[in-house]
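Structure file protein.txt; described as compact mmCIF, C-alpha atoms.
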# COMPACT_ATOMS: atom_id res chain seq x y z
CA MET A 12 -82.25 -161.64 2.35
CA PRO A 13 -78.86 -161.67 0.58
CA THR A 14 -78.04 -158.82 -1.77
CA VAL A 15 -76.05 -159.26 -4.96
CA THR A 16 -74.77 -156.38 -7.08
CA ILE A 17 -74.33 -157.30 -10.72
CA ASN A 18 -72.84 -154.69 -13.06
CA ASP A 19 -73.41 -151.94 -10.46
CA VAL A 20 -77.10 -152.82 -10.01
CA GLU A 21 -78.19 -154.14 -6.60
CA MET A 22 -80.52 -157.14 -6.78
CA GLU A 23 -82.36 -159.25 -4.24
CA ALA A 24 -81.32 -162.88 -4.05
CA ARG A 25 -82.46 -166.04 -2.34
CA PRO A 26 -80.14 -168.35 -0.38
CA GLY A 27 -78.86 -171.09 -2.68
CA GLU A 28 -79.73 -169.15 -5.84
CA ARG A 29 -77.20 -169.13 -8.66
CA LEU A 30 -75.76 -165.84 -9.88
CA LEU A 31 -77.04 -166.68 -13.35
CA ASP A 32 -80.63 -167.06 -12.11
CA ILE A 33 -80.40 -163.77 -10.22
CA GLY A 34 -79.06 -162.01 -13.29
CA ARG A 35 -81.65 -163.51 -15.62
CA ARG A 36 -84.50 -162.53 -13.32
CA HIS A 37 -83.34 -158.91 -13.29
CA GLY A 38 -82.27 -158.70 -16.94
CA ALA A 39 -78.56 -158.28 -16.17
CA HIS A 40 -76.15 -158.14 -19.11
CA MET A 41 -74.79 -161.68 -19.02
CA GLY A 42 -74.90 -164.63 -21.39
CA PHE A 43 -76.67 -167.96 -20.99
CA VAL A 44 -76.47 -169.53 -24.45
CA CYS A 45 -76.39 -173.08 -23.05
CA ASN A 46 -79.24 -172.35 -20.60
CA GLY A 47 -77.03 -172.77 -17.56
CA THR A 48 -75.51 -176.17 -18.30
CA GLY A 49 -71.98 -174.82 -17.81
CA PHE A 50 -70.83 -175.51 -21.35
CA CYS A 51 -70.91 -172.17 -23.18
CA GLN A 52 -69.21 -170.11 -20.43
CA THR A 53 -70.98 -166.94 -21.56
CA CYS A 54 -72.21 -166.44 -17.99
CA LYS A 55 -68.67 -165.92 -16.72
CA VAL A 56 -68.37 -163.28 -14.00
CA LYS A 57 -65.61 -161.73 -11.92
CA VAL A 58 -66.34 -161.61 -8.20
CA LEU A 59 -65.20 -158.22 -6.91
CA ALA A 60 -66.40 -158.68 -3.32
CA GLY A 61 -68.16 -161.28 -1.20
CA SER A 62 -66.55 -164.45 -2.56
CA GLU A 63 -66.86 -165.98 0.90
CA SER A 64 -70.64 -165.82 0.50
CA LEU A 65 -70.52 -168.10 -2.55
CA ASN A 66 -70.02 -171.84 -2.80
CA PRO A 67 -66.49 -173.03 -3.68
CA PRO A 68 -65.70 -173.47 -7.39
CA THR A 69 -67.26 -176.65 -8.78
CA GLU A 70 -65.48 -179.34 -10.76
CA LEU A 71 -67.19 -178.06 -13.88
CA GLU A 72 -65.70 -174.60 -13.31
CA LYS A 73 -62.27 -176.14 -12.79
CA ASN A 74 -62.61 -177.79 -16.19
CA TRP A 75 -62.95 -174.43 -17.93
CA ILE A 76 -61.25 -171.85 -15.71
CA PRO A 77 -57.52 -172.15 -14.88
CA GLU A 78 -56.59 -172.06 -11.19
CA GLN A 79 -54.98 -168.63 -11.49
CA ARG A 80 -58.14 -167.16 -12.96
CA LEU A 81 -60.22 -168.77 -10.21
CA GLN A 82 -57.92 -167.11 -7.68
CA GLU A 83 -58.52 -163.79 -9.45
CA GLY A 84 -62.24 -164.19 -8.78
CA TRP A 85 -63.53 -165.55 -12.09
CA ARG A 86 -66.53 -167.88 -11.80
CA LEU A 87 -69.31 -169.29 -13.95
CA GLY A 88 -72.61 -167.68 -13.05
CA CYS A 89 -74.41 -171.00 -13.57
CA GLN A 90 -72.20 -172.67 -10.95
CA ALA A 91 -71.64 -169.93 -8.36
CA ALA A 92 -74.48 -169.92 -5.83
CA VAL A 93 -75.26 -167.73 -2.82
CA ARG A 94 -74.29 -169.45 0.42
CA GLY A 95 -74.07 -166.52 2.83
CA ARG A 96 -75.78 -163.25 3.62
CA GLY A 97 -73.56 -161.24 1.31
CA PRO A 98 -73.21 -158.61 0.09
CA ILE A 99 -71.76 -159.94 -3.15
CA THR A 100 -70.50 -157.77 -6.00
CA VAL A 101 -69.71 -159.12 -9.46
CA LEU A 102 -69.03 -157.82 -12.95
CA THR A 103 -70.10 -160.04 -15.83
CA ASN A 104 -67.63 -160.77 -18.58
CA ALA A 105 -70.20 -159.65 -21.15
CA GLU A 106 -70.47 -156.25 -19.46
CA LEU A 107 -66.71 -155.96 -19.04
CA LEU A 108 -66.23 -156.51 -22.77
CA ARG A 109 -69.00 -154.01 -23.51
CA ARG A 110 -67.37 -151.36 -21.33
CA GLN A 111 -63.95 -152.02 -22.81
CA THR A 112 -65.39 -151.70 -26.32
CA PHE A 113 -67.06 -148.39 -25.47
CA ALA A 114 -63.76 -147.17 -24.02
CA VAL A 115 -62.11 -147.79 -27.39
CA ILE A 116 -64.86 -146.02 -29.34
CA ASN A 117 -65.13 -143.09 -26.93
CA PRO A 118 -62.07 -143.03 -24.62
CA PRO A 119 -62.67 -141.66 -21.10
CA ALA A 120 -60.63 -138.66 -19.99
CA GLY A 121 -57.02 -139.53 -19.30
CA THR A 122 -57.02 -142.54 -21.64
CA ASN A 123 -56.70 -143.11 -25.34
CA ALA A 124 -58.21 -145.50 -27.86
CA LEU A 125 -54.93 -147.34 -28.42
CA SER A 126 -54.33 -148.27 -24.78
CA ASN A 127 -58.00 -149.15 -24.30
CA ALA A 128 -57.94 -151.36 -27.40
CA ALA A 129 -54.85 -153.10 -26.02
CA ALA A 130 -56.72 -153.87 -22.78
CA LEU A 131 -59.70 -155.24 -24.71
CA LEU A 132 -57.54 -157.44 -26.93
CA ALA A 133 -55.53 -158.65 -23.93
CA ASN A 134 -58.73 -159.72 -22.18
CA MET A 135 -60.04 -161.53 -25.23
CA GLY A 136 -56.67 -163.13 -25.88
CA GLN A 137 -56.33 -164.36 -22.30
CA GLN A 138 -59.74 -165.98 -22.43
CA SER A 139 -58.82 -167.77 -25.66
CA ILE A 140 -55.55 -168.98 -24.14
CA ASP A 141 -57.41 -170.24 -21.07
CA GLN A 142 -59.50 -172.51 -23.28
CA ILE A 143 -56.74 -173.66 -25.61
CA THR A 144 -54.38 -174.68 -22.81
CA GLY A 145 -56.98 -177.04 -21.36
CA TYR A 146 -58.18 -178.49 -24.66
CA PRO A 147 -59.38 -181.18 -25.34
CA PHE A 148 -59.66 -182.46 -21.75
CA ASN A 149 -61.83 -179.55 -20.62
CA LEU A 150 -64.24 -180.22 -23.47
CA LEU A 151 -64.39 -183.98 -22.86
CA ASN A 152 -64.82 -183.57 -19.10
CA ALA A 153 -67.60 -181.04 -19.59
CA VAL A 154 -69.44 -183.33 -22.01
CA SER A 155 -69.13 -186.27 -19.62
CA ARG A 156 -70.57 -184.21 -16.75
CA ILE A 157 -73.34 -182.51 -18.69
CA GLY A 158 -74.32 -185.44 -20.89
CA LEU A 159 -74.63 -185.43 -24.65
CA GLY A 160 -78.43 -185.14 -24.58
CA ARG A 161 -78.37 -182.03 -22.41
CA LEU A 162 -75.58 -180.58 -24.52
CA LEU A 163 -77.51 -181.00 -27.78
CA ASN A 164 -80.78 -179.81 -26.24
CA PRO A 165 -80.07 -177.61 -23.19
CA TRP A 166 -83.69 -176.51 -22.87
CA GLN A 167 -85.24 -179.98 -22.48
CA SER A 168 -88.77 -178.62 -22.81
CA VAL A 169 -90.83 -176.01 -24.65
CA GLU A 170 -91.43 -174.24 -21.34
CA GLN A 171 -87.71 -173.85 -20.67
CA PHE A 172 -87.09 -172.65 -24.22
CA SER A 173 -89.88 -170.06 -23.91
CA ARG A 174 -88.37 -168.82 -20.67
CA TRP A 175 -84.94 -168.65 -22.32
CA ILE A 176 -86.37 -166.50 -25.12
CA ALA A 177 -88.16 -164.22 -22.64
CA ASP A 178 -85.05 -163.79 -20.48
CA PHE A 179 -82.90 -163.13 -23.54
CA GLY A 180 -85.30 -160.40 -24.62
CA LYS A 181 -85.18 -158.90 -21.14
CA VAL A 182 -81.37 -158.77 -21.21
CA VAL A 183 -81.36 -157.12 -24.64
CA GLU A 184 -83.90 -154.52 -23.55
CA THR A 185 -82.05 -153.71 -20.33
CA THR A 186 -78.70 -153.43 -22.10
CA LEU A 187 -80.03 -151.21 -24.88
CA ASN A 188 -81.73 -148.92 -22.37
CA ALA A 189 -78.55 -148.45 -20.36
CA PRO A 190 -76.14 -146.67 -22.72
CA VAL A 191 -72.71 -145.72 -21.49
CA PRO A 192 -72.64 -141.93 -20.93
CA PRO A 193 -70.19 -140.05 -23.13
CA PRO A 194 -66.92 -139.22 -21.35
CA PRO A 195 -65.98 -135.57 -20.73
CA ARG A 196 -64.02 -133.82 -23.46
CA ASP A 197 -61.20 -133.08 -21.05
CA PRO A 198 -60.51 -133.57 -17.30
CA LEU A 199 -61.51 -129.98 -16.48
CA ASP A 200 -65.08 -130.68 -17.61
CA ARG A 201 -65.72 -132.60 -14.39
CA VAL A 202 -64.48 -129.67 -12.33
CA ARG A 203 -66.66 -127.25 -14.30
CA ALA A 204 -69.69 -129.53 -13.95
CA ALA A 205 -69.17 -129.82 -10.18
CA ALA A 206 -68.75 -126.05 -9.85
CA ALA A 207 -71.94 -125.47 -11.85
CA GLU A 208 -73.83 -127.89 -9.60
CA VAL A 209 -72.62 -126.08 -6.47
CA ARG A 210 -73.59 -122.74 -7.99
CA ARG A 211 -77.10 -123.97 -8.83
CA ALA A 212 -77.53 -125.37 -5.33
CA SER A 213 -76.45 -122.08 -3.71
CA GLU A 214 -78.78 -120.08 -5.93
CA ALA A 215 -81.68 -122.38 -5.10
CA GLY A 216 -80.95 -122.01 -1.40
Mind converting the file's structure to structure tokens?
Amino acid sequence: MPTVTINDVEMEARPGERLLDIGRRHGAHMGFVCNGTGFCQTCKVKVLAGSESLNPPTELEKNWIPEQRLQEGWRLGCQAAVRGRGPITVLTNAELLRRQTFAVINPPAGTNALSNAAALLANMGQQSIDQITGYPFNLLNAVSRIGLGRLLNPWQSVEQFSRWIADFGKVVETTLNAPVPPPPRDPLDRVRAAAAEVRRASEAG
């Protein structure tokens, strides 16, 4: 069975399954505002490894994601599906923004809030530019492919809406229960922590 790692968490997947469905089933931190119709783009992910085990980018993805960004590994989780045995490793855009935000609030050792804020703003700015440069053709093409009815009501049924609510709650719970650990006060803290661990292990032995 293929394995997919989303945001550093390994998950079981089924052949042909979309990354969005895998993430929703496991409560991964990723968006799905439009319920997987490919319109909201909140399920965007960056493929770090295993792109050959996914289907090629769809026309819908090409509407929203510039070619350069596709080459960098960016995909829509609702369009990217498992086609090989994997392993596949991805980082969701939602999680990337979360980590970048935490890095501004509590900078890791060797970094500072200013440089981390610049990286966060650059990411957000690039995503805005990606959409503006393709407008309005990306919007019109997406509407023509999805259909106005599906766009206005992406859930289509009470059952799908109930599942959307349940999955959303699962994502919120998982994200809140996985806080980013505070970074060390200075680089030497890691050395001290490692030395203390070795000392405890030797004493126990």
Item to check | Residues within 8 Å of range 124-130 of chain A, only C-alpha atoms, excluding chain neighbours under 2 positions, as number ranges by chain | outcome: A: 111-112, 114-118, 122, 132-134
Counting all atoms listed in the file, give me one row per residue of range 92-160 of chain A with an atom at most 8 Å from an atom of range 60-64 of chain A, showing the shortest contact pair and its distance in Å to one decimal, sorted by chain then residue number, as CSV.
residue,atom,partner,partner_atom,distance
A:Val93,CA,A:Ser64,CA,6.0
A:Arg94,CA,A:Ser64,CA,5.1
A:Gly95,CA,A:Ser64,CA,4.2
A:Arg96,CA,A:Ser64,CA,6.5
A:Gly97,CA,A:Ser64,CA,5.5
A:Pro98,CA,A:Gly61,CA,5.9
A:Ile99,CA,A:Gly61,CA,4.3
A:Thr100,CA,A:Ala60,CA,5.0
A:Val101,CA,A:Ala60,CA,7.0
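Using all atoms listed in the file, the shortest contact distance between Thr14 in chain A and any of A:Val169, A:Leu65, A:Cys45, A:Cys54 is found at A:Leu65.
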Item to check | Exercise: Gly145 in chain A partners within 9 Å, all atoms listed in the file, chain neighbours under 2 positions left out, as a PyMOL selection string | outcome: chain A and resi 74-77+140-143+147-150
Checklist entry - How far is it from CA of Glu184 in chain A to CA of Gly34 in chain A, in Å with one decimal? => result 13.6 Å
